[in-house]
Each structure stands twice: as structure tokens, then as C-alpha cells.
Amino acid sequence: MDKRQELLKKLNLLVQEIDKAKKMVDDEKKRYLNNYENGIEIVVKRLQDGTLPASKGGLIGTMRGISEYDSLASIKELYDAAADVDLFYSRECQEW
């Protein structure tokens with residue numbers, strides 16, 4: 001599997017975890033997660049159309065988006081999925 005496909009797989013897993021988390025949080029955090037998910041969908045589209053640049057060691061920001069709320073960061077599966085996306089992108093996607 002190439003790096004783009006692997007990143008897409010990780011992003012899709014993150015979206016699944018976002019959907020699970022929405023069932024566990026209050027309305028304010030659901031709205032936040034909806035906005036967060038919209039941002040992830042933009043990354044997915046850019047990845048699919050080839051406009052997402054290589055990382056050059058940078059991050060997408062998926063961990064930061066979850067860590068802004070302690071209650072979201074405490075959802076282990078959600079945080080782990082977000083961390084997996086950022087770390088993979090930073091370390092493995094420095095070149096396409």
C-alpha cells in the first residue's frame with residue numbers, strides 16, 4: 001500500500017472514531033466534532049485529488065484538534081486515531 005492509501009485508511013479510521021465519540025458527548029462537543037470532521041474531510045479530498053502537500057515533517061493538526069478538549073482527549077480510541085494520522089503524516093509522508 002502506498003503512503004497516500006495508508007494515510008487515507010488512517011483518516012477513515014479517525015472519522016469512524018469521531019462518529020463513535022459523537023454518541024458519548026454533549027451537544028456542544030458534538031458541534032465541535034462535526035466541525036472537526038468537516039476539516040478532516042477537506043484533508044481527505046485534498047489527499048484524493050493530489051493537492052495535499054508532502055509533510056516535510058509537519059503535522060495535519062488532528063491531535064491538536066482533539067487535545068483542545070480534555071474530555072475528547074480522554075476518549076482513548078479517538079485520541080489514538082488522531083495521533084496515528086499526525087505521526088504517520090509527519091514521519092512517513094515527507095515525500096510522495
# chains A, B, ... in the order shown; residues from 1 in each chain; ligands from 1

$ residues_around --residues "Lys30 (chain A)" --least-positions-apart "3" --cutoff "12 Å" --atoms "only C-alpha atoms" --output "number ranges by chain"
A: 18-27, 33-37, 69, 71-72

$ residues_around --residues "region 41-49 of chain A" --least-positions-apart "6" --cutoff "10 Å" --atoms "only C-alpha atoms" --output "list in words"
Arg4, Gln5, Leu7, Leu8, Lys9, Leu11, Asn12, Val15, Asn35 and Ile60 of chain A

$ write_last_selection --atoms "N, CA and C atoms" --output "PDB file, in the first residue's frame"
ATOM      1  N   ARG A   4      -0.066   7.383   0.388  1.00  0.00           N
ATOM      2  CA  ARG A   4      -1.355   8.095   0.290  1.00  0.00           C
ATOM      3  C   ARG A   4      -2.507   7.181   0.701  1.00  0.00           C
ATOM      4  N   GLN A   5      -2.467   5.944   0.243  1.00  0.00           N
ATOM      5  CA  GLN A   5      -3.526   4.994   0.593  1.00  0.00           C
ATOM      6  C   GLN A   5      -3.516   4.696   2.088  1.00  0.00           C
ATOM      7  N   LEU A   7      -2.392   6.678   4.478  1.00  0.00           N
ATOM      8  CA  LEU A   7      -2.896   7.868   5.170  1.00  0.00           C
ATOM      9  C   LEU A   7      -4.407   7.956   5.038  1.00  0.00           C
ATOM     10  N   LEU A   8      -4.940   7.659   3.870  1.00  0.00           N
ATOM     11  CA  LEU A   8      -6.388   7.673   3.672  1.00  0.00           C
ATOM     12  C   LEU A   8      -7.069   6.668   4.593  1.00  0.00           C
ATOM     13  N   LYS A   9      -6.491   5.506   4.735  1.00  0.00           N
ATOM     14  CA  LYS A   9      -7.033   4.482   5.637  1.00  0.00           C
ATOM     15  C   LYS A   9      -7.059   5.002   7.073  1.00  0.00           C
ATOM     16  N   LEU A  11      -7.082   8.160   8.047  1.00  0.00           N
ATOM     17  CA  LEU A  11      -8.078   9.236   8.133  1.00  0.00           C
ATOM     18  C   LEU A  11      -9.487   8.665   8.224  1.00  0.00           C
ATOM     19  N   ASN A  12      -9.769   7.624   7.472  1.00  0.00           N
ATOM     20  CA  ASN A  12     -11.090   6.991   7.543  1.00  0.00           C
ATOM     21  C   ASN A  12     -11.336   6.369   8.913  1.00  0.00           C
ATOM     22  N   VAL A  15     -12.292   9.177  11.211  1.00  0.00           N
ATOM     23  CA  VAL A  15     -13.691   9.572  11.016  1.00  0.00           C
ATOM     24  C   VAL A  15     -14.628   8.595  11.739  1.00  0.00           C
ATOM     25  N   ASN A  35     -17.573  20.029  13.186  1.00  0.00           N
ATOM     26  CA  ASN A  35     -16.642  20.948  12.518  1.00  0.00           C
ATOM     27  C   ASN A  35     -15.283  20.294  12.303  1.00  0.00           C
ATOM     28  N   ILE A  60      -0.741  17.484  10.295  1.00  0.00           N
ATOM     29  CA  ILE A  60      -2.033  17.893   9.746  1.00  0.00           C
ATOM     30  C   ILE A  60      -2.815  18.680  10.795  1.00  0.00           C
TER      31      ILE A  60
END

$ residues_around --residues "Lys10 (chain A)" --least-positions-apart "5" --cutoff "10 Å" --atoms "only C-alpha atoms" --output "PyMOL selection string"
chain A and resi 4-5+15-16+81-86+88-89

$ select_by_dssp --residues "chain A" --states "alpha helix (DSSP H)" --output "ChimeraX atom specification"
/A:3-22,27-49,62-67,70-73,76-92

$ residues_around --residues "Cys93 (chain A)" --least-positions-apart "6" --cutoff "9 Å" --atoms "only C-alpha atoms" --output "list in words"
Lys3, Arg4, Leu7, Pro53, Ala54, Ser55, Lys56 and Gly57 of chain A

$ write_last_selection --atoms "N, CA and C atoms" --output "PDB file, in the first residue's frame"
ATOM      1  N   LYS A   3       1.877   5.345   0.450  1.00  0.00           N
ATOM      2  CA  LYS A   3       1.707   6.249   1.594  1.00  0.00           C
ATOM      3  C   LYS A   3       0.376   6.985   1.563  1.00  0.00           C
ATOM      4  N   ARG A   4      -0.066   7.383   0.388  1.00  0.00           N
ATOM      5  CA  ARG A   4      -1.355   8.095   0.290  1.00  0.00           C
ATOM      6  C   ARG A   4      -2.507   7.181   0.701  1.00  0.00           C
ATOM      7  N   LEU A   7      -2.392   6.678   4.478  1.00  0.00           N
ATOM      8  CA  LEU A   7      -2.896   7.868   5.170  1.00  0.00           C
ATOM      9  C   LEU A   7      -4.407   7.956   5.038  1.00  0.00           C
ATOM     10  N   PRO A  53       0.027  18.556   0.212  1.00  0.00           N
ATOM     11  CA  PRO A  53       1.480  18.529   0.061  1.00  0.00           C
ATOM     12  C   PRO A  53       2.124  17.484   0.969  1.00  0.00           C
ATOM     13  N   ALA A  54       3.329  17.093   0.624  1.00  0.00           N
ATOM     14  CA  ALA A  54       4.107  16.225   1.500  1.00  0.00           C
ATOM     15  C   ALA A  54       4.337  16.961   2.817  1.00  0.00           C
ATOM     16  N   SER A  55       4.553  16.215   3.876  1.00  0.00           N
ATOM     17  CA  SER A  55       4.597  16.810   5.216  1.00  0.00           C
ATOM     18  C   SER A  55       5.830  17.653   5.499  1.00  0.00           C
ATOM     19  N   LYS A  56       6.972  17.262   4.961  1.00  0.00           N
ATOM     20  CA  LYS A  56       8.246  17.909   5.304  1.00  0.00           C
ATOM     21  C   LYS A  56       8.414  17.960   6.821  1.00  0.00           C
ATOM     22  N   GLY A  57       7.872  16.939   7.515  1.00  0.00           N
ATOM     23  CA  GLY A  57       7.979  16.832   8.966  1.00  0.00           C
ATOM     24  C   GLY A  57       6.865  17.517   9.725  1.00  0.00           C
TER      25      GLY A  57
END

$ atom_distance --atom1 "CA of Thr51 (chain A)" --atom2 "CA of Glu77 (chain A)"
28.4 Å

$ atom_distance --atom1 "CA of Arg31 (chain A)" --atom2 "CA of Ser90 (chain A)"
27.7 Å

$ closest_residue --among "A:Trp96, A:Asp2, A:Leu87, A:Glu17" --to "Gly58 (chain A)" --atoms "only C-alpha atoms"
A:Leu87

$ closest_residue --among "A:Leu59, A:Met1, A:Asn38, A:Tyr79" --to "Arg91 (chain A)" --atoms "only C-alpha atoms"
A:Leu59

$ atom_distance --atom1 "CA of Thr62 (chain A)" --atom2 "CA of Leu13 (chain A)"
12.3 Å
